[in-house]
file query06.txt (compact mmCIF, C-alpha atoms)
# COMPACT_ATOMS: atom_id res chain seq x y z
CA MET A 683 128.26 71.08 61.70
CA LYS A 684 126.57 67.78 62.47
CA ARG A 685 125.56 67.17 66.10
CA ARG A 686 127.71 64.08 66.44
CA LEU A 687 130.76 66.20 65.54
CA LEU A 688 130.11 69.00 68.03
CA PRO A 689 133.21 69.53 70.27
CA LEU A 690 131.23 69.66 73.52
CA SER A 691 134.15 69.64 75.99
CA GLN A 692 135.89 72.41 74.05
CA LEU A 693 132.70 74.46 73.89
CA ARG A 694 132.20 74.09 77.62
CA ALA A 695 135.75 75.24 78.33
CA PHE A 696 135.33 78.18 75.96
CA GLU A 697 132.01 79.25 77.51
CA ALA A 698 133.48 79.27 81.02
CA ALA A 699 136.58 81.17 79.88
CA ALA A 700 134.50 83.76 78.01
CA ARG A 701 132.15 84.23 80.98
CA HIS A 702 134.99 84.68 83.49
CA ARG A 703 137.41 86.30 81.01
CA SER A 704 140.00 84.14 82.67
CA PHE A 705 141.41 80.67 81.96
CA LYS A 706 142.31 80.32 85.64
CA GLN A 707 138.79 81.00 86.92
CA ALA A 708 137.30 78.79 84.21
CA ALA A 709 139.64 76.00 85.30
CA GLU A 710 138.56 76.38 88.93
CA GLU A 711 134.91 76.11 87.91
CA LEU A 712 135.51 73.05 85.73
CA ALA A 713 137.92 71.40 88.20
CA VAL A 714 140.75 71.16 85.65
CA THR A 715 144.04 73.00 85.16
CA PRO A 716 144.36 76.35 83.35
CA ALA A 717 146.58 74.60 80.85
CA ALA A 718 143.77 72.15 80.06
CA VAL A 719 141.33 75.02 79.45
CA SER A 720 143.87 76.79 77.24
CA HIS A 721 144.45 73.58 75.28
CA GLN A 722 140.71 73.01 74.70
CA VAL A 723 140.24 76.61 73.58
CA ARG A 724 143.14 76.28 71.12
CA GLU A 725 141.58 73.11 69.74
CA LEU A 726 138.31 75.00 69.17
CA GLU A 727 140.18 77.89 67.53
CA ALA A 728 141.95 75.43 65.23
CA LEU A 729 138.63 73.83 64.31
CA LEU A 730 137.06 77.20 63.50
CA GLY A 731 140.14 78.67 61.88
CA LEU A 732 140.00 81.92 63.83
CA ALA A 733 141.12 83.39 67.14
CA LEU A 734 138.60 83.51 69.98
CA PHE A 735 140.64 85.38 72.60
CA GLU A 736 143.20 88.11 72.78
CA ARG A 737 145.57 86.77 75.42
CA ARG A 738 146.84 89.33 77.91
CA ILE A 739 148.60 89.13 81.27
CA ARG A 740 146.12 87.66 83.82
CA GLN A 741 143.23 88.19 81.42
CA VAL A 742 141.81 86.97 78.13
CA VAL A 743 139.61 89.23 76.06
CA PRO A 744 137.01 87.63 73.72
CA THR A 745 137.16 88.63 70.08
CA PRO A 746 133.97 89.75 68.26
CA ALA A 747 133.60 86.19 66.92
CA ALA A 748 133.92 84.83 70.46
CA GLU A 749 131.25 87.21 71.75
CA GLN A 750 128.90 85.95 69.05
CA LEU A 751 129.56 82.31 69.94
CA PHE A 752 129.40 82.97 73.69
CA SER A 753 125.93 84.54 73.42
CA VAL A 754 124.56 81.40 71.79
CA LEU A 755 126.32 78.99 74.16
CA ARG A 756 125.23 80.88 77.27
CA ARG A 757 121.57 80.62 76.29
CA GLY A 758 122.02 76.97 75.41
CA PHE A 759 123.76 75.98 78.66
CA ASP A 760 121.17 77.93 80.69
CA ALA A 761 118.42 76.02 78.88
CA PHE A 762 120.18 72.72 79.60
CA GLY A 763 120.41 73.61 83.27
CA ASP A 764 116.74 74.59 83.49
CA ALA A 765 115.63 71.39 81.76
CA LEU A 766 117.78 69.20 84.03
CA GLU A 767 116.53 71.01 87.14
CA ALA A 768 112.93 70.48 86.06
CA LEU A 769 113.57 66.76 85.54
CA ARG A 770 115.33 66.52 88.89
CA GLU A 771 112.33 68.10 90.59
CA GLN A 772 110.02 65.62 88.85
CA GLY A 773 112.18 62.81 90.17
CA ASN A 774 111.75 64.25 93.64
CA GLY A 775 108.08 65.00 93.12
CA SER A 776 107.16 65.05 96.80
CA SER A 777 109.43 68.02 97.59
CA VAL A 778 108.14 71.61 97.50
CA THR A 779 109.84 74.83 98.59
CA LEU A 780 107.72 77.65 100.03
CA SER A 781 109.31 81.10 99.98
CA CYS A 782 108.06 83.85 102.30
CA THR A 783 109.29 86.60 104.58
CA SER A 784 110.61 85.77 108.05
CA ALA A 785 107.67 87.57 109.68
CA PHE A 786 105.13 85.61 107.65
CA ALA A 787 106.90 82.35 108.46
CA SER A 788 106.96 82.95 112.21
CA GLN A 789 103.56 84.65 112.63
CA TRP A 790 101.32 82.93 110.11
CA LEU A 791 102.96 79.77 108.77
CA LEU A 792 104.63 78.05 111.73
CA PRO A 793 101.46 77.85 113.88
CA ARG A 794 99.71 76.06 110.98
CA LEU A 795 102.44 73.60 109.97
CA ALA A 796 101.17 70.82 112.23
CA ASP A 797 97.87 70.93 110.35
CA PHE A 798 99.71 70.77 107.03
CA HIS A 799 101.80 67.76 108.09
CA THR A 800 98.68 65.96 109.31
CA LEU A 801 96.93 66.45 105.98
CA HIS A 802 99.99 65.87 103.77
CA PRO A 803 102.45 63.58 105.59
CA ASP A 804 104.04 62.50 102.29
CA ILE A 805 105.12 66.00 101.15
CA ASP A 806 108.60 67.27 102.02
CA LEU A 807 107.98 70.98 102.61
CA ARG A 808 111.01 73.27 102.66
CA ILE A 809 110.56 76.75 104.11
CA HIS A 810 112.68 79.50 102.54
CA ALA A 811 112.24 82.39 105.00
CA SER A 812 114.01 85.46 103.69
CA GLU A 813 113.39 89.03 102.58
CA ALA A 814 115.18 88.16 99.32
CA PRO A 815 112.77 86.58 96.82
CA LEU A 816 113.48 83.06 95.62
CA ASP A 817 113.91 82.33 91.90
CA LEU A 818 110.80 80.22 91.31
CA SER A 819 111.91 79.11 87.85
CA ARG A 820 114.61 76.84 89.30
CA GLY A 821 112.44 74.25 91.03
CA ALA A 822 109.05 73.19 92.36
CA SER A 823 108.52 76.28 94.48
CA LEU A 824 105.75 78.55 95.67
CA ALA A 825 106.02 82.01 97.18
CA ILE A 826 103.82 84.14 99.38
CA ARG A 827 104.62 87.65 98.24
CA TYR A 828 103.39 90.89 99.70
CA GLY A 829 102.72 93.52 97.08
CA MET A 830 100.62 94.41 94.08
CA GLY A 831 102.68 92.78 91.31
CA PRO A 832 102.86 92.27 88.41
CA TYR A 833 104.90 89.06 88.38
CA PRO A 834 105.97 88.32 84.77
CA GLU A 835 106.10 84.65 83.75
CA HIS A 836 104.34 83.68 86.99
CA GLU A 837 100.81 82.78 87.95
CA ALA A 838 99.55 84.94 90.81
CA GLU A 839 96.48 84.52 93.00
CA VAL A 840 95.35 87.04 95.61
CA LEU A 841 94.98 85.30 98.99
CA ALA A 842 94.09 88.31 101.15
CA GLU A 843 93.78 92.08 101.07
CA ASP A 844 95.69 93.40 104.06
CA ALA A 845 95.06 96.28 106.45
CA PHE A 846 97.11 97.99 109.17
CA ALA A 847 96.07 99.31 112.56
CA LEU A 848 97.58 100.48 115.80
CA VAL A 849 98.05 97.33 117.88
CA ALA A 850 98.93 97.12 121.56
CA SER A 851 99.04 94.74 124.50
CA PRO A 852 96.00 95.00 126.83
CA GLN A 853 98.41 95.40 129.74
CA LEU A 854 99.20 98.94 128.57
CA GLY A 855 95.61 99.99 129.24
CA LEU A 856 95.42 102.43 126.36
CA ALA A 857 92.03 104.11 126.12
CA SER A 858 92.42 107.22 123.98
CA TYR A 859 94.66 108.93 121.46
CA GLY A 860 96.19 111.10 124.19
CA ASP A 861 97.60 107.99 125.92
CA LEU A 862 100.08 107.46 123.08
CA LYS A 863 102.40 110.08 124.55
CA THR A 864 103.04 107.75 127.50
CA VAL A 865 104.27 104.74 125.48
CA ARG A 866 106.89 104.07 122.84
CA HIS A 867 105.83 103.79 119.23
CA ILE A 868 107.60 100.86 117.59
CA VAL A 869 109.10 101.10 114.12
CA PHE A 870 110.64 98.39 111.95
CA ASP A 871 112.53 98.54 108.68
CA TRP A 872 110.62 97.48 105.58
CA HIS A 873 112.78 95.33 103.31
CA CYS A 874 111.48 97.37 100.37
CA SER A 875 110.91 101.02 101.15
CA THR A 876 109.18 101.64 97.80
CA LEU A 877 106.10 99.52 98.58
CA GLY A 878 104.19 102.55 99.85
CA LEU A 879 103.09 100.95 103.12
CA PRO A 880 101.44 102.93 105.93
CA SER A 881 103.72 104.91 108.23
CA TRP A 882 103.16 106.47 111.63
CA GLN A 883 102.85 109.83 109.91
CA HIS A 884 100.02 108.46 107.71
CA TRP A 885 98.25 106.97 110.72
CA CYS A 886 98.50 110.14 112.83
CA GLN A 887 97.14 112.23 109.96
CA ALA A 888 94.22 109.82 109.53
CA ALA A 889 93.60 110.04 113.29
CA GLY A 890 93.50 113.83 113.15
CA GLY A 891 96.87 114.47 114.78
CA THR A 892 100.59 114.64 114.01
CA ILE A 893 103.56 112.43 114.70
CA ALA A 894 104.57 114.88 117.44
CA ASP A 895 101.70 113.42 119.49
CA LEU A 896 103.60 110.14 119.91
CA GLY A 897 106.01 109.12 122.61
CA ALA A 898 109.62 108.06 122.08
CA SER A 899 110.38 105.47 119.42
CA LEU A 900 111.81 101.96 119.48
CA THR A 901 113.20 100.66 116.19
CA PHE A 902 113.82 97.11 115.01
CA SER A 903 115.41 95.83 111.82
CA ASP A 904 113.03 92.85 111.74
CA GLU A 905 109.23 92.87 111.67
CA SER A 906 108.97 89.69 113.76
CA HIS A 907 110.95 91.27 116.59
CA ALA A 908 108.70 94.32 116.50
CA ILE A 909 105.63 92.11 116.87
CA GLN A 910 107.16 90.27 119.83
CA ALA A 911 108.00 93.61 121.47
CA VAL A 912 104.36 94.70 121.16
CA ILE A 913 103.18 91.42 122.71
CA ALA A 914 105.63 92.01 125.57
CA GLY A 915 104.10 95.44 126.20
CA GLN A 916 107.15 97.40 125.11
CA GLY A 917 105.10 99.78 123.01
CA VAL A 918 102.56 100.09 120.19
CA ALA A 919 103.05 99.41 116.50
CA LEU A 920 101.30 99.64 113.16
CA LEU A 921 100.97 95.99 112.22
CA SER A 922 99.52 93.83 109.47
CA LEU A 923 96.19 92.57 110.79
CA THR A 924 96.71 89.41 108.74
CA LEU A 925 99.91 88.57 110.61
CA VAL A 926 98.59 89.24 114.14
CA LYS A 927 95.02 87.94 113.70
CA ALA A 928 95.64 84.94 115.98
CA GLU A 929 96.97 87.18 118.75
CA LEU A 930 93.99 89.50 118.38
CA GLU A 931 91.59 86.55 118.61
CA ARG A 932 93.31 85.24 121.76
CA GLY A 933 93.27 88.68 123.36
CA VAL A 934 97.05 88.83 123.56
CA LEU A 935 96.87 91.97 121.42
CA ARG A 936 94.11 94.42 120.65
CA VAL A 937 93.31 97.43 118.49
CA PRO A 938 92.38 99.97 121.19
CA PHE A 939 91.31 102.84 118.89
CA GLY A 940 92.18 104.69 115.72
CA PRO A 941 91.84 104.26 111.97
CA ARG A 942 92.64 101.21 109.90
CA LEU A 943 94.75 101.86 106.84
CA PRO A 944 94.81 99.76 103.66
CA GLY A 945 97.83 97.56 103.13
CA LEU A 946 98.86 95.49 100.13
CA ARG A 947 98.00 91.98 98.98
CA TYR A 948 99.24 88.60 100.08
CA GLN A 949 99.61 86.73 96.81
CA LEU A 950 100.43 83.13 95.99
CA ILE A 951 103.02 83.00 93.22
CA ARG A 952 104.27 80.09 91.12
CA HIS A 953 106.27 79.90 87.91
CA ARG A 954 104.23 78.83 84.91
CA ARG A 955 106.65 76.05 83.98
CA PHE A 956 105.65 74.12 87.13
CA ALA A 957 101.89 74.39 86.63
CA GLY A 958 100.37 70.99 87.28
CA HIS A 959 103.14 69.73 89.57
CA ALA A 960 101.12 67.44 91.86
CA ALA A 961 102.76 68.15 95.23
CA LEU A 962 103.04 71.86 94.47
CA GLU A 963 99.33 72.04 93.69
CA ARG A 964 98.46 70.31 96.98
CA VAL A 965 100.52 72.83 98.95
CA ALA A 966 98.86 75.65 97.01
CA GLU A 967 95.39 74.27 97.80
CA TRP A 968 96.27 74.04 101.49
CA LEU A 969 97.46 77.65 101.56
CA GLN A 970 94.32 78.81 99.76
CA GLY A 971 92.15 76.96 102.27
CA ALA A 972 94.04 78.30 105.28
CA PHE A 973 93.69 81.89 104.09
CA ALA A 974 90.00 81.33 103.31
CA ASP A 975 89.42 79.96 106.84
CA GLN A 976 91.12 83.01 108.36
CA GLN A 977 89.01 85.41 106.33
CA ALA A 978 85.83 83.50 107.19
CA ARG A 979 86.48 84.17 110.87
CA GLY A 980 86.30 87.88 110.11
call {"tool": "encode", "arguments": {"input": "query06.txt", "output": "structure tokens"}}
result
Amino acid sequence: MKRRLLPLSQLRAFEAAARHRSFKQAAEELAVTPAAVSHQVRELEALLGLALFERRIRQVVPTPAAEQLFSVLRRGFDAFGDALEALREQGNGSSVTLSCTSAFASQWLLPRLADFHTLHPDIDLRIHASEAPLDLSRGASLAIRYGMGPYPEHEAEVLAEDAFALVASPQLGLASYGDLKTVRHIVFDWHCSTLGLPSWQHWCQAAGGTIADLGASLTFSDESHAIQAVIAGQGVALLSLTLVKAELERGVLRVPFGPRLPGLRYQLIRHRRFAGHAALERVAEWLQGAFADQQARG
């Protein structure tokens, strides 16, 4: 069939109906009536000379022919959407989204944003702070991800190798391993328990003891809250030395004793389709420089 003869409105109605398996839900998505969707589907069926749906009460079931057509249309409409989104981002070329965890945003990123805005006043930076990763294929976006990868279809650059240590407020006056029995050990929930990050059990074993040597626990669902509790002297925690480096340098926190355990990697991730995006590259260069400055301070 020639392109100029393609029944685009009927194909769109069919695709929505096949995806939802409902004329009613397709109509809600397309902002038309169910009768209009049904009419467009019947027009397409008449054009093709075959049935596309088995019509049942409150449901329509695609026929084998419909499933074949739906597979092709779904890929096509997804490709249209991706292409339009890419063009929209080019039209708004000064906007970049940076995805990271809430703890990284509050501990590492926010204290440095004034420097970023001074250097790049023309870039609209959007911070997506969440434990759920952002789909970087949908727009001009970067992500700081904590892990080892791999990240298919993305470019990844290691920004820092992390380490964990027992961190405490100086006001607790901890001097030796035996003092841990007198304070709470703080725990927080990792958003991904399969990362294999250090636990209190790992740390105690490395220190030559057992978890029974610790005092009572205090548990948070958020890493940022755990860090603030340590600063307030509410207990000790195993923390990312990358995230609390500024507090360690100011003397607000310290590593009083004990082993340091290897963590994972902070990596800068971008989707390959946005390679060369001018504003995105400038944000990436700033992040690379900020991490390099932190590592240079030791």
call {"tool": "closest_residue", "arguments": {"input": "query06.txt", "among": "A:Ala928, A:Ala850, A:Ala972, A:Ile739", "to": "Ala914 in chain A", "atoms": "all atoms listed in the file"}}
result
A:Ala850
call {"tool": "closest_residue", "arguments": {"input": "query06.txt", "among": "A:Gly829, A:Pro815, A:Gly917, A:Pro944", "to": "Trp885 in chain A", "atoms": "all atoms listed in the file"}}
result
A:Pro944
call {"tool": "closest_residue", "arguments": {"input": "query06.txt", "among": "A:Ala717, A:Val918, A:Gln883, A:Phe902", "to": "Leu862 in chain A", "atoms": "all atoms listed in the file"}}
result
A:Val918
call {"tool": "residues_around", "arguments": {"input": "query06.txt", "residues": "range 957-970 of chain A", "least_positions_apart": "2", "cutoff": "6 Å", "atoms": "only C-alpha atoms", "output": "PyMOL selection string"}}
result
chain A and resi 776+778+954-955+972-973
call {"tool": "closest_residue", "arguments": {"input": "query06.txt", "among": "A:Asp844, A:Glu835, A:Asp760, A:Asp871", "to": "Arg942 in chain A", "atoms": "all atoms listed in the file"}}
result
A:Asp844
call {"tool": "atom_distance", "arguments": {"input": "query06.txt", "atom1": "CA of Gly855 in chain A", "atom2": "CA of Leu930 in chain A"}}
result
15.2 Å
call {"tool": "decode", "arguments": {"input": "query06.txt", "residues": "range 824-854 of chain A", "atoms": "C-alpha atoms", "output": "PDB file, in the first residue's frame"}}
result
ATOM      1  CA  LEU A 824      22.588  12.050  32.581  1.00  0.00           C
ATOM      2  CA  ALA A 825      22.661   9.731  35.566  1.00  0.00           C
ATOM      3  CA  ILE A 826      25.040   9.145  38.434  1.00  0.00           C
ATOM      4  CA  ARG A 827      24.641   5.462  39.136  1.00  0.00           C
ATOM      5  CA  TYR A 828      26.184   3.461  41.926  1.00  0.00           C
ATOM      6  CA  GLY A 829      27.183  -0.015  40.851  1.00  0.00           C
ATOM      7  CA  MET A 830      29.417  -2.017  38.573  1.00  0.00           C
ATOM      8  CA  GLY A 831      27.243  -2.126  35.434  1.00  0.00           C
ATOM      9  CA  PRO A 832      27.063  -3.091  32.651  1.00  0.00           C
ATOM     10  CA  TYR A 833      24.692  -0.520  31.164  1.00  0.00           C
ATOM     11  CA  PRO A 834      23.607  -1.711  27.681  1.00  0.00           C
ATOM     12  CA  GLU A 835      23.097   0.993  25.034  1.00  0.00           C
ATOM     13  CA  HIS A 836      24.686   3.565  27.354  1.00  0.00           C
ATOM     14  CA  GLU A 837      28.083   5.181  27.642  1.00  0.00           C
ATOM     15  CA  ALA A 838      29.519   4.788  31.143  1.00  0.00           C
ATOM     16  CA  GLU A 839      32.489   6.519  32.756  1.00  0.00           C
ATOM     17  CA  VAL A 840      33.841   5.689  36.207  1.00  0.00           C
ATOM     18  CA  LEU A 841      33.963   8.858  38.328  1.00  0.00           C
ATOM     19  CA  ALA A 842      35.129   7.360  41.624  1.00  0.00           C
ATOM     20  CA  GLU A 843      35.844   4.060  43.348  1.00  0.00           C
ATOM     21  CA  ASP A 844      34.031   4.150  46.672  1.00  0.00           C
ATOM     22  CA  ALA A 845      34.931   2.841  50.128  1.00  0.00           C
ATOM     23  CA  PHE A 846      33.023   2.441  53.398  1.00  0.00           C
ATOM     24  CA  ALA A 847      34.143   3.021  56.965  1.00  0.00           C
ATOM     25  CA  LEU A 848      32.710   3.398  60.427  1.00  0.00           C
ATOM     26  CA  VAL A 849      31.864   7.088  60.760  1.00  0.00           C
ATOM     27  CA  ALA A 850      30.909   8.947  63.930  1.00  0.00           C
ATOM     28  CA  SER A 851      30.489  12.407  65.376  1.00  0.00           C
ATOM     29  CA  PRO A 852      33.498  13.609  67.434  1.00  0.00           C
ATOM     30  CA  GLN A 853      31.093  14.406  70.270  1.00  0.00           C
ATOM     31  CA  LEU A 854      30.706  10.678  70.959  1.00  0.00           C
TER      32      LEU A 854
END
